[in-house]
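Colleague: Input work.csv, format and content: CSV, C-alpha atoms.
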```csv
chain,number,residue,atom,x,y,z
A,37,MET,CA,38.9,24.5,60.9
A,38,LYS,CA,42.0,24.4,63.2
A,39,ARG,CA,44.2,23.5,60.3
A,40,ILE,CA,43.2,26.6,58.3
A,41,LEU,CA,43.5,29.1,61.1
A,42,PRO,CA,47.2,29.8,60.6
A,43,LEU,CA,46.6,30.5,56.9
A,44,VAL,CA,43.5,32.6,57.6
A,45,LEU,CA,45.2,34.7,60.2
A,46,SER,CA,48.3,35.4,58.1
A,47,PHE,CA,47.8,39.0,57.2
A,48,THR,CA,49.2,41.3,59.9
A,49,LEU,CA,47.9,44.8,60.4
A,50,PHE,CA,49.1,47.5,62.7
A,51,CYS,CA,45.6,48.6,63.7
A,52,SER,CA,42.0,48.3,62.8
A,53,VAL,CA,38.8,50.3,63.0
A,54,PRO,CA,35.6,48.6,64.4
A,55,SER,CA,32.9,48.5,61.8
A,56,PHE,CA,29.4,47.1,62.6
A,57,ALA,CA,26.7,49.1,60.9
A,58,SER,CA,23.7,46.9,60.2
A,59,PRO,CA,21.8,43.9,61.4
A,60,GLU,CA,23.4,41.8,58.7
A,61,SER,CA,26.9,42.8,59.7
A,62,ASN,CA,26.1,42.1,63.3
A,63,ALA,CA,24.9,38.6,62.3
A,64,VAL,CA,28.1,37.9,60.4
A,65,SER,CA,30.1,39.2,63.4
A,66,ARG,CA,28.3,36.8,65.7
A,67,SER,CA,28.9,33.9,63.3
A,68,VAL,CA,32.6,34.8,63.1
A,69,GLU,CA,32.9,34.9,66.9
A,70,LYS,CA,31.2,31.5,67.2
A,71,THR,CA,33.5,30.0,64.5
A,72,PHE,CA,36.8,31.5,65.6
A,73,GLN,CA,36.0,31.9,69.4
A,74,LYS,CA,37.1,35.5,69.0
A,75,LYS,CA,35.1,38.7,68.5
A,76,PRO,CA,36.2,40.4,65.3
A,77,GLU,CA,37.4,44.0,65.4
A,78,SER,CA,35.7,44.8,62.1
A,79,VAL,CA,33.2,43.3,59.7
A,80,LYS,CA,32.7,45.1,56.4
A,81,LYS,CA,30.6,44.2,53.3
A,82,MET,CA,32.5,43.8,50.1
A,83,PRO,CA,31.0,45.0,46.8
A,84,MET,CA,31.3,41.7,45.1
A,85,MET,CA,30.5,38.0,45.4
A,86,ASN,CA,28.6,38.4,48.7
A,87,LEU,CA,31.9,38.5,50.6
A,88,TRP,CA,32.5,40.1,53.9
A,89,GLU,CA,35.9,41.5,55.0
A,90,VAL,CA,36.7,40.4,58.6
A,91,ILE,CA,39.4,41.4,60.9
A,92,VAL,CA,40.3,39.1,63.8
A,93,ASN,CA,43.4,39.7,66.0
A,94,LYS,CA,44.5,42.4,63.5
A,95,LYS,CA,44.4,39.9,60.6
A,96,ILE,CA,42.3,40.3,57.5
A,97,PHE,CA,40.3,37.6,55.6
A,98,TYR,CA,37.0,37.1,53.9
A,99,VAL,CA,33.9,35.0,54.5
A,100,ASP,CA,30.5,34.5,53.0
A,101,SER,CA,27.5,35.7,54.9
A,102,SER,CA,27.1,32.3,56.6
A,103,VAL,CA,30.8,32.1,57.5
A,104,ARG,CA,30.8,28.6,56.1
A,105,TYR,CA,33.5,29.5,53.6
A,106,VAL,CA,36.6,31.4,54.5
A,107,PHE,CA,39.0,33.0,51.9
A,108,ALA,CA,42.5,34.1,52.8
A,109,GLY,CA,44.2,36.0,50.0
A,110,HIS,CA,44.2,39.2,48.0
A,111,ILE,CA,41.2,40.4,45.9
A,112,LEU,CA,42.3,41.9,42.7
A,113,ASP,CA,40.3,44.2,40.4
A,114,THR,CA,41.7,43.3,37.0
A,115,LYS,CA,39.6,45.9,35.2
A,116,LYS,CA,41.0,48.8,37.3
A,117,ASN,CA,44.3,47.1,37.9
A,118,ARG,CA,43.9,47.4,41.7
A,119,ASP,CA,44.8,45.2,44.6
A,120,LEU,CA,41.8,45.9,46.8
A,121,THR,CA,43.3,43.9,49.7
A,122,GLN,CA,46.6,45.7,49.6
A,123,GLU,CA,44.9,49.1,49.5
A,124,ARG,CA,42.9,48.1,52.6
A,125,LEU,CA,46.0,46.9,54.4
A,126,ALA,CA,47.7,50.2,53.7
A,127,GLU,CA,44.7,52.1,55.0
A,128,LEU,CA,44.5,50.0,58.2
A,129,SER,CA,48.2,50.1,58.9
A,130,LYS,CA,48.4,53.9,59.0
A,131,ILE,CA,49.7,55.4,62.3
A,132,PRO,CA,48.4,58.9,63.0
A,133,TRP,CA,51.5,61.1,63.5
A,134,GLU,CA,50.0,62.9,66.4
A,135,THR,CA,49.8,59.6,68.4
A,136,LEU,CA,53.6,59.1,68.4
A,137,PRO,CA,55.4,59.9,71.7
A,138,LEU,CA,58.0,62.0,70.0
A,139,GLN,CA,59.6,63.0,73.3
A,140,ASP,CA,60.9,59.4,73.6
A,141,ALA,CA,62.8,59.6,70.3
A,142,ILE,CA,66.2,60.9,69.4
A,143,LYS,CA,65.6,63.8,67.0
A,144,VAL,CA,68.1,64.1,64.2
A,145,VAL,CA,67.9,67.0,61.7
A,146,TYR,CA,69.4,66.6,58.2
A,147,GLY,CA,69.7,69.8,56.2
A,148,LYS,CA,66.8,72.2,56.7
A,149,GLY,CA,64.7,69.4,58.2
A,150,GLU,CA,61.5,70.5,56.5
A,151,ARG,CA,60.1,66.9,56.0
A,152,ARG,CA,59.4,64.5,58.8
A,153,LEU,CA,60.0,60.8,59.4
A,154,ALA,CA,59.8,58.5,62.4
A,155,VAL,CA,61.8,55.4,62.5
A,156,ILE,CA,61.6,52.4,64.9
A,157,THR,CA,65.2,51.4,64.8
A,158,ASP,CA,67.8,49.2,66.6
A,159,THR,CA,71.5,50.0,67.0
A,160,ARG,CA,72.6,46.5,66.1
A,161,CYS,CA,70.4,46.2,63.0
A,162,THR,CA,72.3,46.3,59.7
A,163,TYR,CA,69.2,47.4,57.7
A,164,CYS,CA,68.6,50.2,60.2
A,165,ARG,CA,72.2,51.5,59.5
A,166,LEU,CA,71.6,51.2,55.7
A,167,LEU,CA,68.4,53.2,56.1
A,168,GLU,CA,70.3,55.9,58.0
A,169,GLN,CA,72.7,56.1,55.0
A,170,SER,CA,69.8,56.6,52.7
A,171,ILE,CA,68.3,59.3,55.0
A,172,ARG,CA,71.6,61.2,55.0
A,173,GLN,CA,71.6,61.2,51.2
A,174,VAL,CA,68.1,62.6,50.7
A,175,GLU,CA,68.6,65.3,53.3
A,176,ASN,CA,66.1,68.1,54.3
A,177,VAL,CA,64.4,65.8,56.7
A,178,THR,CA,63.8,65.6,60.5
A,179,VAL,CA,63.9,62.1,61.8
A,180,TYR,CA,62.5,60.9,65.1
A,181,ASN,CA,64.4,57.7,66.0
A,182,PHE,CA,62.7,55.4,68.5
A,183,LEU,CA,65.4,53.1,69.8
A,184,HIS,CA,63.9,49.6,70.0
A,185,PRO,CA,66.7,47.5,71.6
A,186,THR,CA,67.1,43.8,71.7
A,187,PRO,CA,68.9,42.2,74.7
A,188,MET,CA,72.1,42.3,72.6
A,189,SER,CA,71.8,46.0,71.8
A,190,ARG,CA,70.4,47.3,75.1
A,191,ALA,CA,73.7,48.5,76.6
A,192,LEU,CA,74.7,50.3,73.4
A,193,SER,CA,71.3,51.8,73.0
A,194,ARG,CA,71.4,53.2,76.5
A,195,LYS,CA,74.9,54.6,75.9
A,196,ILE,CA,73.6,56.5,72.8
A,197,PHE,CA,70.4,57.6,74.5
A,198,CYS,CA,72.3,58.8,77.6
A,199,ALA,CA,75.2,60.5,75.7
A,200,GLU,CA,75.9,64.2,76.2
A,201,ASN,CA,74.7,64.7,72.7
A,202,PRO,CA,72.4,61.8,71.8
A,203,PRO,CA,71.7,62.9,68.1
A,204,LYS,CA,75.5,63.1,67.4
A,205,ALA,CA,76.1,59.8,69.2
A,206,PHE,CA,73.3,58.2,67.2
A,207,GLN,CA,74.7,59.5,63.9
A,208,ASP,CA,78.3,58.6,64.8
A,209,TYR,CA,77.4,55.0,65.4
A,210,MET,CA,74.7,54.5,62.7
A,211,LEU,CA,76.7,56.2,60.0
A,212,GLU,CA,80.3,55.6,60.9
A,213,GLY,CA,80.2,52.7,63.5
A,214,LYS,CA,81.7,54.9,66.2
A,215,GLU,CA,80.4,53.7,69.6
A,216,PRO,CA,80.3,56.2,72.5
A,217,THR,CA,83.4,56.0,74.6
A,218,GLY,CA,83.4,55.6,78.4
A,219,GLU,CA,80.5,54.8,80.7
A,220,ALA,CA,77.1,56.1,79.9
A,221,ARG,CA,76.1,59.1,82.0
A,222,LYS,CA,73.3,58.6,84.5
A,223,CYS,CA,70.0,59.5,82.8
A,224,ASP,CA,66.4,58.3,82.7
A,225,ALA,CA,66.5,55.7,80.0
A,226,SER,CA,62.9,54.4,80.6
A,227,ALA,CA,62.0,55.7,77.1
A,228,LEU,CA,63.7,52.5,75.8
A,229,ASP,CA,61.1,50.4,77.6
A,230,ARG,CA,58.3,52.6,76.4
A,231,ASN,CA,59.6,52.3,72.9
A,232,LEU,CA,59.5,48.5,73.2
A,233,ALA,CA,55.9,48.8,74.4
A,234,LEU,CA,55.1,51.1,71.5
A,235,GLY,CA,56.5,48.5,69.1
A,236,ARG,CA,54.3,45.8,70.6
A,237,ARG,CA,51.2,48.1,70.3
A,238,LEU,CA,52.1,48.7,66.6
A,239,GLY,CA,52.8,45.1,65.9
A,240,VAL,CA,56.4,45.6,65.0
A,241,ALA,CA,58.0,42.3,64.1
A,242,GLY,CA,61.4,43.7,63.1
A,243,THR,CA,63.4,46.8,62.5
A,244,PRO,CA,63.5,49.2,60.8
A,245,VAL,CA,59.9,50.5,60.5
A,246,ILE,CA,59.5,53.8,58.8
A,247,ILE,CA,56.5,56.0,59.7
A,248,PHE,CA,55.8,58.9,57.2
A,249,SER,CA,54.1,62.1,58.3
A,250,ASP,CA,50.9,61.0,56.5
A,251,GLY,CA,50.7,57.9,58.7
A,252,THR,CA,51.8,55.4,56.0
A,253,THR,CA,54.4,52.9,57.1
A,254,GLN,CA,57.2,50.9,55.5
A,255,ALA,CA,58.8,47.9,57.0
A,256,GLY,CA,62.5,47.5,56.1
A,257,SER,CA,65.0,49.9,54.6
A,258,LEU,CA,64.6,51.9,51.4
A,259,THR,CA,67.2,53.1,48.8
A,260,PRO,CA,67.8,56.8,48.7
A,261,GLY,CA,65.8,57.1,45.5
A,262,ASP,CA,62.8,55.2,46.9
A,263,LEU,CA,62.9,57.2,50.1
A,264,GLN,CA,63.1,60.5,48.2
A,265,ALA,CA,60.1,59.5,46.1
A,266,ARG,CA,58.1,58.7,49.3
A,267,LEU,CA,59.0,62.0,50.8
A,268,THR,CA,58.2,64.1,47.7
A,269,PRO,CA,54.6,65.2,47.6
A,270,LYS,CA,52.7,63.9,44.5
A,271,HIS,CA,51.4,66.5,42.1
A,272,GLY,CA,48.2,68.0,43.4
A,273,GLU,CA,48.7,67.1,47.0
```
Can you give me the file's structure in the form of structure tokens?
Modeller:
Amino acid sequence: MKRILPLVLSFTLFCSVPSFASPESNAVSRSVEKTFQKKPESVKKMPMMNLWEVIVNKKIFYVDSSVRYVFAGHILDTKKNRDLTQERLAELSKIPWETLPLQDAIKVVYGKGERRLAVITDTRCTYCRLLEQSIRQVENVTVYNFLHPTPMSRALSRKIFCAENPPKAFQDYMLEGKEPTGEARKCDASALDRNLALGRRLGVAGTPVIIFSDGTTQAGSLTPGDLQARLTPKHGE
């Protein structure tokens, strides 16, 4: 069993919702806890093959009712052309916008700023700077930038956060590579530590991470076209 645990626990989620609704699901939960020495966050009956979806340590996998057999992988519905596992991953990884501590972010408004994004970003991250270029091209968006520094970028992040005009300092560096000159003014930069804690809570493994206003997330940068498509409401929404 120890040899398969790394494979079984290979699907990372940002969050999960406890789900134990019946005696059978409680029995599966107890068997999972006994097998993996960890209480699952969620156990949910799947509509096929007597499989149960299980989440342990924010990872998703499937078991039979006896938990003798464990399946790590994606379940595809070929008739409906759906990846059921990916849909579930997307659902579980949503981050409610109202839970974000926006006061700890650097707010940058492009154009009218009618649409909203939050970005967990790092000043020394090449892909974060590419994303900023994409955001500038799509315009009409307000972006809340949560600086998530590494030891190598801590000093620069503090300079930007403590600048006289943090949004301008952020744009100057991310878009044009212009670092703030002189010493950073004295300010309360504890938000940088809170942003690192936020990243740990959300399971951030790298930057950038984009959080859309509907709670969906995107790890990594996006082209201007892809970003525009994600920001544009679908017909009927």
Colleague: CA of Thr253 in chain A and CA of Gln122 in chain A, how far apart in Å?
Modeller: 13.0 Å
Colleague: Any idea what the distance is between CA of Val90 in chain A and CA of Val64 in chain A?
Modeller: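 Taking CA of Val90 in chain A as the start and CA of Val64 in chain A as the end point, the length is 9.1 Å.
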Colleague: Write out as a PyMOL selection string each polymer residue whose atoms come within 6 Å of Val144 in chain A, counting all atoms listed in the file; drop sequence neighbours fewer than 6 positions from it.
Modeller: chain A and resi 178-179+203
Colleague: Please, what distance in Å, to one decimal, runs between CA of Glu77 in chain A and CA of Ile131 in chain A?
Modeller: 17.1 Å
Colleague: Can you list, as a PyMOL selection string, every protein, DNA or RNA residue that comes within 12 Å of Ala63 in chain A when you count all atoms listed in the file, leaving out same-chain residues fewer than 5 positions away?
Modeller: chain A and resi 56-58+68-70+75-76+79-80+88+100-103
Colleague: Closest to Ala241 in chain A among A:Ile111, A:Cys198, A:Ile156, A:Ile96, using all atoms listed in the file?
Modeller: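 Result for the nearest residue to Ala241 in chain A: A:Ile156.
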Colleague: Just checking: using all atoms listed in the file, which residue out of A:Ala126, A:Met85, A:Leu183, A:Val177 ends up closest to Ser226 in chain A?
Modeller: A:Leu183
Colleague: Find, counting only C-alpha atoms, the residue in A:Arg124, A:Asn181, A:Lys222, A:Pro269 that gets nearest to Lys143 in chain A.
Modeller: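 When distances to Lys143 in chain A are compared using only C-alpha atoms, the smallest one comes from A:Asn181.
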Colleague: Counting only C-alpha atoms, which residue out of A:Lys115, A:Arg236, A:Lys148, A:Lys130 sits closest to Ser249 in chain A?
Modeller: A:Lys130
Colleague: Restricting the calculation to all atoms listed in the file: of A:Gln73, A:Gln139, A:Thr114, A:Thr243, which residue gets closest to Thr159 in chain A?
Modeller: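 The shortest atom-to-atom distance to Thr159 in chain A comes from A:Thr243.
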Colleague: Taking only C-alpha atoms into account, which of A:Asn93, A:Thr259, A:Gln264, A:Thr252 comes nearest Ser129 in chain A?
Modeller: A:Thr252
Colleague: Per residue of range 63-177 of chain A within 10 Å of range 191-197 of chain A, record the nearest atom pair and its distance in Å to one decimal, counting only C-alpha atoms, with rows in chain order and ascending residue number, as CSV.
Modeller:
```
residue,atom,partner,partner_atom,distance
A:Asp140,CA,A:Phe197,CA,9.7
A:Ala141,CA,A:Phe197,CA,8.9
A:Ile142,CA,A:Phe197,CA,7.4
A:Asp158,CA,A:Ser193,CA,7.7
A:Thr159,CA,A:Ser193,CA,6.3
A:Arg160,CA,A:Leu192,CA,8.5
```
